[in-house]
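Colleague: Structure in structure tokens, see below.
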Amino acid sequence: MVHVSHRPKILVTGATGKTGRAVVAQLLEKGFPVRAIVRSRDTRSQRLDRLGAETVVADMFDVDRMTAAMQGTVRAYYCPPMHPLMIQSAAVFVTAAKAVKLEAIVGLSQWTASANHPSLHTRQVWLVEQMLAAIPDIAYVNLNPGYFVDNYLRLIDFASLLGLFPILTGHSRNAPPSNEDIARVAVALLMAPDRYAGKRFRPTGSKLMSAYDMAGVIRKVLGSPVFAFDLPWWMFERAARLQGVSAFEVGSLLVKLLRIGYALLCNLISFPLPPGIT
Ligand SMILES: NC(=O)c1ccc[n+]([C@@H]2O[C@H](COP(=O)([O-])OP(=O)(O)OC[C@H]3O[C@@H](n4cnc5c(N)ncnc54)[C@H](OP(=O)(O)O)[C@@H]3O)[C@@H](O)[C@H]2O)c1
């Protein structure tokens, strides 16, 4: 049985990222003290300071810094960095969590996580789930969303300024959750981890839509023409790399998109999907 304190201090990793910063803001709104792990001091960490978080600079691959940063915290939101050595950062996190005797961890995973997925990143996410679930005496709750709506929203500027909405996912449909809604679920789990320990939660948006459907909504909201088109992979790769997205992240996305294409092909020619392909 996990002991539950009243309003314990909660550690948030990836606190400047998509879900992390929303988790920090919502926990503070609910009156929880928050220690936010940031990689460096910048305008994003200053924003967290202004909200009332205690920001601490720590590299998630550094076990001494992470253990020190975790001292005095009781529960944690763990957002693993997207990195080829993500397992190493998870091992650091688990070692530190055991050292400070955390009470509970809500870990961000993803719903495609599986042992034999072709993407190295996705296989690693699955391994991280196993590591977190195996820590004795620490309650673990798995937060398991799919592709975030944020990925589509990043293209809104093209639609509003140029009337162009580039699409990478073809006609495949998704009900993507927002960063804030994912955080709402994380915060509810962090508030009562003993109730949810050992479970998996999958936040989604309210409606299944393709990116072409989304372009239709954007067109209606803007009241001006928006032309949706399939973005060639080479063009996406180039734009993503110019914006600083790592080769590892771009490669992981390519494997996932090829997999969606494979699944669609199997559906079209009425083949049963091979095990593990969804
Ligand atoms: N995006 C999606 O659609 C999606 C869907 C399902 C699951 N996920 C999972 O979400 C996780 C995060 O991915 P994301 O794209 O959403 O990224 P994100 O949370 O927006 O950004 C990563 C965060 O981690 C921090 N960070 C990275 N490396 C660090 C290090 N070595 N030490 C300290 N902090 C570090 C970053 O700080 P800096 O910005 O300062 O580097 C940033 O705050 C991934 O594990 C992914 O599997 C994402």
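Chain labels A, B, ... are given in the sequence in which chains occur in the structure tokens; within each chain residues are numbered consecutively from 1, and ligands are likewise numbered from 1 in the order shown.
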Compile the contact shell of segment 105-118 of chain A as a list in words: residues with an atom at most 6 Å away, counting only C-alpha atoms, same-chain residues fewer than 2 positions apart removed.

Modeller: Arg75, Ala76, Tyr77, Tyr78, Cys79, Thr122, Arg123, Val125, Trp126, Tyr140, Val141, Asn142, Leu143, Asn144, Pro145 and Gly146 of chain A

Colleague: Atoms to include: C-alpha atoms. Write the selected residues as a compact mmCIF listing (two decimals), in the first residue's frame.

Modeller:
# COMPACT_ATOMS: atom_id res chain seq x y z
CA ARG A 75 5.92 12.01 -6.58
CA ALA A 76 7.11 12.60 -10.13
CA TYR A 77 5.88 13.20 -13.65
CA TYR A 78 8.49 11.51 -15.83
CA CYS A 79 8.66 12.70 -19.43
CA THR A 122 9.27 3.12 -29.73
CA ARG A 123 10.96 -0.10 -28.57
CA VAL A 125 9.66 3.59 -24.77
CA TRP A 126 8.32 0.07 -24.13
CA TYR A 140 3.66 3.54 -11.30
CA VAL A 141 0.91 4.84 -13.57
CA ASN A 142 1.32 4.69 -17.35
CA LEU A 143 0.14 7.76 -19.31
CA ASN A 144 -0.22 6.49 -22.83
CA PRO A 145 -1.33 9.02 -25.49
CA GLY A 146 -0.95 8.76 -29.27

Colleague: So which residues are near ligand 1, meaning at most 9 Å away with only C-alpha atoms and all ligand atoms counted, given back as a PyMOL selection string?

Modeller: chain A and resi 13-21+37-42+44-45+57-62+79-83+86+89+108-113+121-122+124-125+143-151+176+179+249

Colleague: Residues of segment 107-216 of chain A that have any atom at most 6 Å from an atom of segment 222-232 of chain A: could you tabulate them with the shortest-distance atom pair and the distance in Å to one decimal, using only C-alpha atoms, ordered by chain and increasing number, as CSV?

Modeller:
residue,atom,partner,partner_atom,distance
A:Ala159,CA,A:Val226,CA,6.0
A:Gly163,CA,A:Val226,CA,4.4
A:Leu164,CA,A:Phe227,CA,4.9
A:Phe165,CA,A:Ala228,CA,4.6
A:Pro166,CA,A:Leu231,CA,5.3
A:Ile167,CA,A:Asp230,CA,4.7
A:Leu168,CA,A:Leu231,CA,5.6

Colleague: Taking only C-alpha atoms into account, which of A:Thr204, A:Thr169, A:Ile135, A:Arg47 comes nearest Ala183 of chain A?

Modeller: A:Thr204

Colleague: Quick check, in Å to one decimal: how far apart do atom CA of Asn174 of chain A and atom CA of Leu257 of chain A lie?

Modeller: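 Computing the Euclidean distance for atom CA of Asn174 of chain A and atom CA of Leu257 of chain A yields 13.1 Å.
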
Colleague: Determine, counting only C-alpha atoms, which protein, DNA and RNA residues have an atom within 9 Å of an atom of Ala53 of chain A; residues of the same chain fewer than 5 positions away are not included. Present the result as a list in words.

Modeller: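 The contact residues come out as Val24, Ala25, Leu28, Pro33, Val34, Arg35, Ala36 and Leu48 of chain A.
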
Colleague: Between atom CA of Val12 of chain A and atom CA of Gly244 of chain A, what distance in Å does the model show, to one decimal?

Modeller: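 Calculated distance between atom CA of Val12 of chain A and atom CA of Gly244 of chain A is 24.0 Å.
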
Colleague: What parts of segment 42-189 of chain A does DSSP call helix (DSSP H, G or I)? I'd like the answer as a PyMOL selection string.

Modeller: chain A and resi 43-51+63-70+86-99+120-133+150-153+156-162+179-189

Colleague: Would you kindly return, as a ChimeraX atom specification, each protein, DNA or RNA residue with an atom no farther than 10 Å from any atom of Ala188 of chain A, considering only C-alpha atoms and excluding same-chain residues fewer than 5 positions away?

Modeller: /A:26-27,183,193,196

Colleague: Could the residues in this selection be saved with C-alpha atoms as a PDB file, in the first residue's frame?

Modeller:
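Heads up, here's the output in selection_38.pdb:
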ATOM      1  CA  GLN A  26      -1.865  22.859 -13.605  1.00  0.00           C
ATOM      2  CA  LEU A  27      -0.232  21.389 -10.461  1.00  0.00           C
ATOM      3  CA  ALA A 183      -1.514  17.285 -18.589  1.00  0.00           C
ATOM      4  CA  PRO A 193      -1.553   7.737  -7.546  1.00  0.00           C
ATOM      5  CA  TYR A 196      -4.447   4.325 -10.205  1.00  0.00           C
TER       6      TYR A 196
END

Colleague: Hey, can you check how far atom CA of Arg195 of chain A sits from atom CA of Val94 of chain A?

Modeller: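 Taking atom CA of Arg195 of chain A and atom CA of Val94 of chain A, their separation equals 21.4 Å.
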